[in-house]
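J.: This is input-v1.cif, which holds mmCIF, C-alpha atoms:
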```cif
data_protein
#
loop_
_atom_site.label_atom_id
_atom_site.label_comp_id
_atom_site.auth_asym_id
_atom_site.auth_seq_id
_atom_site.Cartn_x
_atom_site.Cartn_y
_atom_site.Cartn_z
CA MET A 1 0.82 11.96 12.04
CA GLU A 2 4.38 11.91 13.38
CA GLU A 3 4.54 8.12 13.00
CA ASP A 4 3.14 8.34 9.46
CA LYS A 5 5.62 11.10 8.62
CA LYS A 6 8.50 8.99 9.94
CA THR A 7 7.32 6.05 7.84
CA LEU A 8 7.24 8.15 4.69
CA THR A 9 10.56 9.90 5.23
CA ASP A 10 12.64 7.06 6.65
CA GLY A 11 15.53 6.17 4.36
CA LEU A 12 15.26 9.01 1.86
CA LEU A 13 18.40 9.96 -0.04
CA SER A 14 21.20 11.24 2.19
CA PRO A 15 25.00 11.37 2.03
CA GLN A 16 25.16 8.40 4.42
CA GLU A 17 22.81 6.21 2.41
CA ARG A 18 24.52 3.03 1.20
CA TYR A 19 21.59 0.97 -0.07
CA ILE A 20 18.62 1.95 -2.19
CA ASN A 21 15.17 2.60 -0.82
CA PRO A 22 12.88 -0.25 -1.94
CA TYR A 23 9.84 1.99 -1.49
CA THR A 24 10.86 3.97 -4.58
CA ASP A 25 9.78 2.86 -8.04
CA PHE A 26 13.40 2.42 -9.12
CA GLY A 27 14.36 0.52 -5.97
CA PHE A 28 11.45 -1.92 -6.03
CA LYS A 29 11.75 -2.72 -9.72
CA LYS A 30 15.54 -2.96 -9.51
CA LEU A 31 15.31 -5.65 -6.83
CA PHE A 32 12.24 -7.56 -8.00
CA GLY A 33 11.39 -6.59 -11.55
CA THR A 34 14.39 -7.67 -13.63
CA GLU A 35 15.31 -11.00 -15.16
CA MET A 36 18.73 -10.80 -13.54
CA ASN A 37 17.16 -10.59 -10.07
CA LYS A 38 14.22 -12.92 -10.45
CA ASP A 39 15.72 -15.24 -7.83
CA LEU A 40 15.13 -12.41 -5.32
CA LEU A 41 11.47 -12.30 -6.33
CA ILE A 42 11.15 -16.09 -6.12
CA SER A 43 12.68 -16.15 -2.64
CA PHE A 44 10.39 -13.35 -1.46
CA LEU A 45 7.24 -15.03 -2.82
CA ASN A 46 8.18 -18.41 -1.37
CA ALA A 47 8.77 -16.80 2.02
CA LEU A 48 5.47 -14.93 1.76
CA PHE A 49 3.46 -18.06 0.93
CA SER A 50 5.48 -20.58 2.92
CA GLY A 51 3.27 -23.49 3.91
CA THR A 52 0.26 -22.29 1.94
CA LYS A 53 1.23 -23.25 -1.62
CA LYS A 54 3.83 -25.35 -3.35
CA GLU A 55 7.28 -23.90 -3.76
CA ILE A 56 7.87 -21.65 -6.76
CA LYS A 57 10.83 -22.81 -8.82
CA ASP A 58 10.81 -20.28 -11.65
CA VAL A 59 8.92 -17.24 -12.90
CA GLN A 60 8.44 -15.63 -16.29
CA TYR A 61 8.06 -11.87 -16.36
CA LEU A 62 4.96 -10.72 -18.22
CA ASN A 63 4.08 -7.37 -19.75
CA SER A 64 3.44 -5.05 -16.79
CA GLU A 65 1.33 -2.60 -18.80
CA HIS A 66 -2.19 -3.66 -19.70
CA LEU A 67 -4.91 -1.91 -21.66
CA GLY A 68 -8.64 -2.46 -21.50
CA ASP A 69 -10.64 -4.25 -24.16
CA GLY A 70 -11.63 -1.16 -26.09
CA TYR A 71 -10.41 2.25 -27.18
CA GLY A 72 -10.40 4.67 -24.27
CA ASP A 73 -10.43 1.96 -21.59
CA ARG A 74 -8.27 2.55 -18.57
CA ARG A 75 -4.90 0.88 -18.42
CA ALA A 76 -3.14 -0.85 -15.53
CA VAL A 77 0.60 -0.59 -14.95
CA PHE A 78 1.96 -3.10 -12.44
CA ASP A 79 5.25 -2.80 -10.57
CA VAL A 80 5.92 -6.52 -11.12
CA TYR A 81 3.81 -9.02 -13.05
CA CYS A 82 4.94 -12.60 -13.55
CA MET A 83 3.78 -16.16 -14.14
CA THR A 84 5.03 -19.27 -12.34
CA GLU A 85 5.84 -22.57 -14.02
CA ASP A 86 2.38 -23.92 -13.15
CA GLY A 87 0.60 -20.97 -14.77
CA GLY A 88 -0.19 -18.94 -11.65
CA ARG A 89 -0.12 -15.16 -12.07
CA PHE A 90 1.45 -12.83 -9.51
CA ILE A 91 0.92 -9.07 -9.41
CA VAL A 92 3.31 -7.49 -6.90
CA GLU A 93 2.79 -3.83 -6.03
CA MET A 94 4.60 -1.38 -3.76
CA GLN A 95 2.16 1.18 -2.41
CA LYS A 96 3.89 4.29 -1.01
CA ALA A 97 0.96 5.77 0.90
CA GLU A 98 -2.72 5.37 1.55
CA GLN A 99 -4.99 6.57 -1.23
CA ALA A 100 -8.71 6.77 -1.82
CA TYR A 101 -10.24 3.54 -3.17
CA PHE A 102 -7.03 1.56 -2.65
CA LYS A 103 -8.95 -1.70 -2.27
CA ASP A 104 -11.01 -0.97 -5.39
CA ARG A 105 -7.79 -0.37 -7.33
CA SER A 106 -6.36 -3.64 -6.07
CA ILE A 107 -9.44 -5.58 -7.19
CA TYR A 108 -9.47 -3.78 -10.54
CA TYR A 109 -5.85 -4.68 -11.22
CA SER A 110 -6.52 -8.35 -10.53
CA THR A 111 -9.11 -8.45 -13.32
CA PHE A 112 -6.44 -7.98 -15.98
CA ALA A 113 -4.66 -11.15 -14.87
CA ILE A 114 -8.01 -12.97 -15.02
CA ARG A 115 -9.29 -11.71 -18.36
CA GLU A 116 -6.05 -12.26 -20.23
CA GLN A 117 -6.35 -16.00 -19.61
CA ALA A 118 -9.30 -16.20 -22.00
CA PRO A 119 -7.98 -17.47 -25.38
CA LYS A 120 -8.84 -15.23 -28.33
CA GLY A 121 -11.11 -16.73 -30.98
CA GLN A 122 -11.22 -20.19 -29.41
CA GLU A 123 -13.69 -22.26 -27.47
CA TRP A 124 -13.01 -22.09 -23.77
CA ASP A 125 -14.34 -23.90 -20.71
CA TYR A 126 -13.58 -20.95 -18.34
CA HIS A 127 -10.82 -22.78 -16.50
CA LEU A 128 -8.60 -20.22 -14.73
CA GLU A 129 -5.16 -20.46 -13.17
CA ASP A 130 -4.43 -18.94 -9.77
CA VAL A 131 -4.15 -15.15 -9.54
CA TYR A 132 -2.31 -13.55 -6.63
CA THR A 133 -2.13 -9.83 -5.89
CA VAL A 134 0.56 -8.87 -3.37
CA GLY A 135 0.55 -5.39 -1.89
CA VAL A 136 3.60 -4.17 0.03
CA LEU A 137 2.08 -1.21 1.85
CA ASN A 138 4.04 1.65 3.35
CA PHE A 139 0.99 2.59 5.42
CA LYS A 140 -1.54 1.07 7.80
CA PHE A 141 -5.13 0.33 6.90
CA PRO A 142 -7.34 3.06 8.38
CA ALA A 143 -9.67 2.90 11.37
CA ASN A 144 -7.75 0.08 13.05
CA GLU A 145 -9.19 -2.44 10.60
CA TYR A 146 -6.68 -5.04 11.81
CA PRO A 147 -5.03 -5.62 15.23
CA ALA A 148 -1.82 -3.69 15.86
CA ASP A 149 0.30 -6.88 15.86
CA LYS A 150 -1.10 -8.28 12.57
CA TYR A 151 0.78 -7.12 9.49
CA ARG A 152 0.21 -9.96 6.98
CA HIS A 153 -3.34 -10.30 5.65
CA GLU A 154 -4.48 -12.99 3.19
CA VAL A 155 -7.87 -12.36 1.62
CA LYS A 156 -10.01 -14.75 -0.43
CA LEU A 157 -13.65 -15.03 -1.49
CA LYS A 158 -15.49 -16.66 1.42
CA ASP A 159 -19.04 -17.73 2.25
CA ILE A 160 -20.23 -15.43 5.02
CA GLU A 161 -22.48 -18.12 6.56
CA ASP A 162 -19.89 -20.76 7.44
CA ASN A 163 -16.67 -18.90 6.51
CA HIS A 164 -15.42 -21.56 4.08
CA VAL A 165 -13.35 -20.46 1.07
CA PHE A 166 -15.78 -20.25 -1.83
CA TYR A 167 -13.08 -19.69 -4.49
CA ASP A 168 -9.42 -20.37 -3.77
CA LYS A 169 -7.85 -19.22 -7.04
CA LEU A 170 -8.06 -15.49 -6.31
CA THR A 171 -5.86 -14.35 -3.44
CA PHE A 172 -4.91 -10.92 -2.13
CA VAL A 173 -2.03 -10.58 0.32
CA TYR A 174 -1.32 -7.25 1.97
CA LEU A 175 1.71 -6.42 4.12
CA GLU A 176 1.35 -3.44 6.46
CA MET A 177 5.05 -2.64 6.64
CA PRO A 178 4.90 0.07 9.38
CA LYS A 179 3.58 -2.58 11.79
CA PHE A 180 6.65 -4.80 11.41
CA ASN A 181 8.99 -3.84 14.25
CA LYS A 182 10.99 -6.99 14.93
CA ALA A 183 14.63 -6.46 15.84
CA GLU A 184 17.43 -8.40 14.15
CA ALA A 185 17.66 -10.85 17.08
CA GLU A 186 13.97 -11.74 16.65
CA LEU A 187 14.22 -12.84 13.01
CA LYS A 188 13.44 -16.57 12.85
CA THR A 189 11.90 -17.31 9.45
CA MET A 190 12.69 -16.27 5.89
CA PHE A 191 9.49 -14.24 5.93
CA ASP A 192 10.76 -12.35 9.00
CA LYS A 193 14.03 -11.68 7.22
CA TRP A 194 12.36 -10.39 4.06
CA MET A 195 10.09 -8.13 6.07
CA PHE A 196 13.08 -6.80 8.00
CA VAL A 197 15.15 -6.07 4.92
CA LEU A 198 12.28 -4.34 3.10
CA ARG A 199 11.47 -2.27 6.16
CA ASN A 200 15.06 -1.25 6.94
CA LEU A 201 17.23 -1.63 3.84
CA SER A 202 17.91 2.04 3.11
CA ARG A 203 18.81 2.71 6.77
CA LEU A 204 21.41 -0.05 7.01
CA LEU A 205 25.12 0.59 6.68
CA GLU A 206 26.08 -3.06 6.34
CA ARG A 207 24.47 -6.48 5.97
CA PRO A 208 23.16 -7.70 9.36
CA LYS A 209 24.47 -10.99 10.70
CA ALA A 210 20.94 -12.44 10.68
CA LEU A 211 20.83 -11.99 6.89
CA GLN A 212 23.74 -14.18 5.90
CA ASP A 213 21.70 -16.36 3.53
CA ARG A 214 23.14 -16.37 0.01
CA ILE A 215 20.03 -14.73 -1.42
CA PHE A 216 20.53 -11.70 0.84
CA GLN A 217 24.16 -11.44 -0.19
CA LYS A 218 22.90 -10.92 -3.72
CA LEU A 219 20.20 -8.50 -2.58
CA PHE A 220 22.69 -6.28 -0.76
CA ASP A 221 25.04 -6.38 -3.76
CA GLN A 222 22.20 -5.29 -6.06
CA ALA A 223 21.04 -2.61 -3.62
CA GLU A 224 24.42 -0.95 -3.10
CA ILE A 225 24.29 2.48 -4.71
CA ALA A 226 28.05 2.72 -5.19
CA ARG A 227 27.88 -0.15 -7.70
CA TYR A 228 25.49 1.69 -10.02
CA THR A 229 26.39 3.32 -13.28
CA PRO A 230 25.99 7.11 -13.56
CA GLU A 231 22.76 6.56 -15.51
CA GLU A 232 21.37 4.25 -12.83
CA ARG A 233 22.26 6.76 -10.12
CA ARG A 234 20.42 9.49 -12.04
CA GLU A 235 17.38 7.23 -12.37
CA TYR A 236 17.48 6.46 -8.67
CA GLU A 237 17.83 10.11 -7.69
CA ALA A 238 14.87 10.97 -9.93
CA SER A 239 12.88 8.21 -8.25
CA ILE A 240 13.82 9.58 -4.82
CA LYS A 241 12.65 13.05 -5.92
CA ASN A 242 9.32 11.60 -6.99
CA TYR A 243 9.10 9.90 -3.61
CA TRP A 244 9.71 13.22 -1.85
CA ASP A 245 7.16 14.98 -4.06
CA TYR A 246 4.59 12.28 -3.35
CA TYR A 247 5.19 12.61 0.39
CA SER A 248 4.94 16.41 0.21
CA THR A 249 1.64 16.18 -1.66
CA MET A 250 0.24 13.69 0.84
CA LYS A 251 1.39 15.78 3.81
CA THR A 252 -0.16 18.94 2.35
CA ALA A 253 -3.45 17.13 1.72
CA VAL A 254 -3.54 15.80 5.29
CA GLU A 255 -2.73 19.19 6.81
CA LYS A 256 -5.34 20.93 4.63
CA SER A 257 -7.93 18.34 5.60
CA ARG A 258 -7.13 18.84 9.29
CA ALA A 259 -7.32 22.62 8.96
CA GLU A 260 -10.66 22.37 7.20
CA GLY A 261 -11.85 19.98 9.90
CA ARG A 262 -10.83 22.40 12.64
CA GLU A 263 -12.58 25.30 10.87
CA GLU A 264 -15.68 23.19 10.34
CA GLY A 265 -15.60 22.20 14.01
CA ARG A 266 -15.34 25.84 15.09
CA ALA A 267 -18.26 26.78 12.83
CA GLU A 268 -20.36 23.95 14.25
CA GLY A 269 -19.45 25.09 17.75
CA ARG A 270 -20.55 28.65 17.02
CA GLU A 271 -23.80 27.41 15.55
CA GLU A 272 -24.54 25.25 18.59
CA GLU A 273 -23.74 28.17 20.88
CA ARG A 274 -26.30 30.34 19.04
CA ARG A 275 -28.91 27.61 19.38
CA GLU A 276 -28.21 27.16 23.08
CA ASN A 277 -28.57 30.91 23.64
CA ALA A 278 -31.83 30.87 21.72
CA ARG A 279 -33.14 28.04 23.90
CA ARG A 280 -32.41 30.06 27.05
CA MET A 281 -34.10 33.12 25.59
CA LYS A 282 -37.18 31.09 24.67
CA LYS A 283 -37.27 29.69 28.19
CA ASP A 284 -37.32 33.27 29.49
CA ASN A 285 -40.26 34.01 27.14
CA MET A 286 -38.34 36.52 25.04
CA PRO A 287 -40.16 37.39 21.78
CA THR A 288 -39.08 35.28 18.80
CA GLU A 289 -38.19 38.37 16.73
CA LEU A 290 -35.74 39.55 19.38
CA ILE A 291 -34.19 36.10 19.71
CA ALA A 292 -33.65 36.10 15.94
CA LYS A 293 -32.10 39.58 16.10
CA TYR A 294 -29.65 38.68 18.87
CA THR A 295 -28.65 35.16 17.72
CA GLY A 296 -28.78 35.45 13.94
CA LEU A 297 -31.03 32.39 13.71
CA SER A 298 -34.11 32.42 11.52
CA VAL A 299 -37.58 32.59 13.05
CA GLU A 300 -38.28 29.13 11.63
CA ASP A 301 -35.16 27.66 13.28
CA ILE A 302 -36.08 29.23 16.61
CA GLU A 303 -39.63 27.87 16.46
CA ARG A 304 -38.26 24.37 15.88
CA LEU A 305 -36.05 24.51 19.00
#
```
Spit out the file's structure as structure tokens when you get a sec.
T.:
Amino acid sequence: MEEDKKTLTDGLLSPQERYINPYTDFGFKKLFGTEMNKDLLISFLNALFSGTKKEIKDVQYLNSEHLGDGYGDRRAVFDVYCMTEDGGRFIVEMQKAEQAYFKDRSIYYSTFAIREQAPKGQEWDYHLEDVYTVGVLNFKFPANEYPADKYRHEVKLKDIEDNHVFYDKLTFVYLEMPKFNKAEAELKTMFDKWMFVLRNLSRLLERPKALQDRIFQKLFDQAEIARYTPEERREYEASIKNYWDYYSTMKTAVEKSRAEGREEGRAEGREEERRENARRMKKDNMPTELIAKYTGLSVEDIERL
């Protein structure tokens, strides 16, 4: 819990903070969700997919709010949604903390980028362009689903018999940010550098020497709070407050769950103690009615022991 708490609270607004926290809604969209900063998004995506797909040269931002097909259908609101010059769709999401059905939500969101490719009122051969969902996660997957040293996960539809990729146009990439612990001296690739800056940006007081690439010069310029207008600072402070509130809610839920678990464990312990006492009494041939009186168990429960 202490590690999770540190992950959630690292870099929150303080008098010493120089750069914005990219885990906030304002921070993430400021850096990656504006036309002015789309070169930051392009650099990040190229680093993320280096060697696995052709280089992205340009992106077009698409409407990040999508409604279902009918009245009353659920909507999806993406942090960043864009299309590359070859027609590929990218959904990029910052996830602050673990939530129930996170994977289901991720799959559900991808369907909007698939369905919108169907032309309205025209014949169609069902050809689809690539769809990528990228999740930047400020938490670890539960139950040690992945090894401790693996923080980038690329998921596709595969055949379970021979493990070949059955369909290569639907890709999910998840980054478990708390697992990335490389120091500045260990940064070798652009992907390393992007992971480092996302993980540490709001804790830095100046641009590290390892991040001297021109693209990071722009990122640090765009992330510097002192450059913001009063309105932008208010928006950022509101985003930080929401971040705090979200953390507080998550912490309360975890503590309540643990307290309920402890109480449930104590109740189960008391119940097992009564049963064990009843077994001893039965072994000593004590009448069932007396065992029930002294243990609080029903006659039927005692007879089943």
J.: Going by the chain IDs and residue numbers used in this file, which residues fall under the PyMOL selection byres ((chain A and resi 286-297) around 12)? Write them as number ranges by chain.
T.: A: 270-285, 298-305
J.: Quick one: everything within 8 Å of Pro22 of chain A, counting all atoms listed in the file, minus sequence neighbours fewer than 2 positions away in the same chain. Send it as a list in words.
T.: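 Once the nearby chain positions are removed, what remains is Ile20, Thr24, Asp25, Phe26, Gly27, Phe28, Leu31, Leu198, Leu201 and Ser202 of chain A.
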J.: Write a file of the selected residues as a PDB file, in the coordinates of the input, keeping C-alpha atoms.
T.:
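For reference, part_37.pdb as written:
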```
ATOM      1  CA  ILE A  20      18.620   1.950  -2.190  1.00  0.00           C
ATOM      2  CA  THR A  24      10.860   3.970  -4.580  1.00  0.00           C
ATOM      3  CA  ASP A  25       9.780   2.860  -8.040  1.00  0.00           C
ATOM      4  CA  PHE A  26      13.400   2.420  -9.120  1.00  0.00           C
ATOM      5  CA  GLY A  27      14.360   0.520  -5.970  1.00  0.00           C
ATOM      6  CA  PHE A  28      11.450  -1.920  -6.030  1.00  0.00           C
ATOM      7  CA  LEU A  31      15.310  -5.650  -6.830  1.00  0.00           C
ATOM      8  CA  LEU A 198      12.280  -4.340   3.100  1.00  0.00           C
ATOM      9  CA  LEU A 201      17.230  -1.630   3.840  1.00  0.00           C
ATOM     10  CA  SER A 202      17.910   2.040   3.110  1.00  0.00           C
TER      11      SER A 202
END
```
J.: Name the residues in contact with Arg199 of chain A at a cut-off of 12 Å, using all atoms listed in the file, excluding same-chain residues fewer than 2 positions from it; report them as a short mmCIF file (atom, residue, chain, number, x, y, z; two decimals) with C-alpha atoms, in the frame of the given file.
T.:
```cif
data_model
loop_
_atom_site.label_atom_id
_atom_site.label_comp_id
_atom_site.auth_asym_id
_atom_site.auth_seq_id
_atom_site.Cartn_x
_atom_site.Cartn_y
_atom_site.Cartn_z
CA THR A 7 7.32 6.05 7.84
CA LEU A 8 7.24 8.15 4.69
CA ASP A 10 12.64 7.06 6.65
CA GLY A 11 15.53 6.17 4.36
CA ILE A 20 18.62 1.95 -2.19
CA ASN A 21 15.17 2.60 -0.82
CA PRO A 22 12.88 -0.25 -1.94
CA TYR A 23 9.84 1.99 -1.49
CA VAL A 136 3.60 -4.17 0.03
CA LEU A 137 2.08 -1.21 1.85
CA ASN A 138 4.04 1.65 3.35
CA PHE A 139 0.99 2.59 5.42
CA LEU A 175 1.71 -6.42 4.12
CA GLU A 176 1.35 -3.44 6.46
CA MET A 177 5.05 -2.64 6.64
CA PRO A 178 4.90 0.07 9.38
CA LYS A 179 3.58 -2.58 11.79
CA PHE A 180 6.65 -4.80 11.41
CA ASN A 181 8.99 -3.84 14.25
CA LYS A 182 10.99 -6.99 14.93
CA ALA A 183 14.63 -6.46 15.84
CA GLU A 184 17.43 -8.40 14.15
CA ASP A 192 10.76 -12.35 9.00
CA LYS A 193 14.03 -11.68 7.22
CA TRP A 194 12.36 -10.39 4.06
CA MET A 195 10.09 -8.13 6.07
CA PHE A 196 13.08 -6.80 8.00
CA VAL A 197 15.15 -6.07 4.92
CA LEU A 201 17.23 -1.63 3.84
CA SER A 202 17.91 2.04 3.11
CA ARG A 203 18.81 2.71 6.77
CA LEU A 204 21.41 -0.05 7.01
#
```
J.: For atom CA of Glu93 of chain A and atom CA of Asp79 of chain A, quote the distance in Å rounded to one decimal.
T.: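 That distance, rounded to one decimal, is 5.3 Å.
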J.: Starting from the PyMOL selection byres ((chain A and resi 108-114) around 8), expand the selection into actual residues of this file and give them as a PDB file with C-alpha atoms, in the frame of the given file.
T.:
```pdb
ATOM      1  CA  HIS A  66      -2.190  -3.660 -19.700  1.00  0.00           C
ATOM      2  CA  ALA A  76      -3.140  -0.850 -15.530  1.00  0.00           C
ATOM      3  CA  ARG A  89      -0.120 -15.160 -12.070  1.00  0.00           C
ATOM      4  CA  ILE A  91       0.920  -9.070  -9.410  1.00  0.00           C
ATOM      5  CA  ASP A 104     -11.010  -0.970  -5.390  1.00  0.00           C
ATOM      6  CA  ARG A 105      -7.790  -0.370  -7.330  1.00  0.00           C
ATOM      7  CA  SER A 106      -6.360  -3.640  -6.070  1.00  0.00           C
ATOM      8  CA  ILE A 107      -9.440  -5.580  -7.190  1.00  0.00           C
ATOM      9  CA  ARG A 115      -9.290 -11.710 -18.360  1.00  0.00           C
ATOM     10  CA  GLU A 116      -6.050 -12.260 -20.230  1.00  0.00           C
ATOM     11  CA  GLN A 117      -6.350 -16.000 -19.610  1.00  0.00           C
ATOM     12  CA  ALA A 118      -9.300 -16.200 -22.000  1.00  0.00           C
ATOM     13  CA  LEU A 128      -8.600 -20.220 -14.730  1.00  0.00           C
ATOM     14  CA  VAL A 131      -4.150 -15.150  -9.540  1.00  0.00           C
ATOM     15  CA  TYR A 132      -2.310 -13.550  -6.630  1.00  0.00           C
ATOM     16  CA  THR A 133      -2.130  -9.830  -5.890  1.00  0.00           C
TER      17      THR A 133
END
```
J.: Could you expand the PyMOL selection byres ((chain A and resi 225) around 9) into the explicit residues it covers here, written as a list in words?
T.: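 With the shown file as input, the PyMOL selection byres ((chain A and resi 225) around 9) matches Glu17, Arg18, Tyr19, Ile20, Asp221, Gln222, Ala223, Glu224, Ala226, Arg227, Tyr228, Thr229, Glu232, Arg233 and Tyr236 of chain A.
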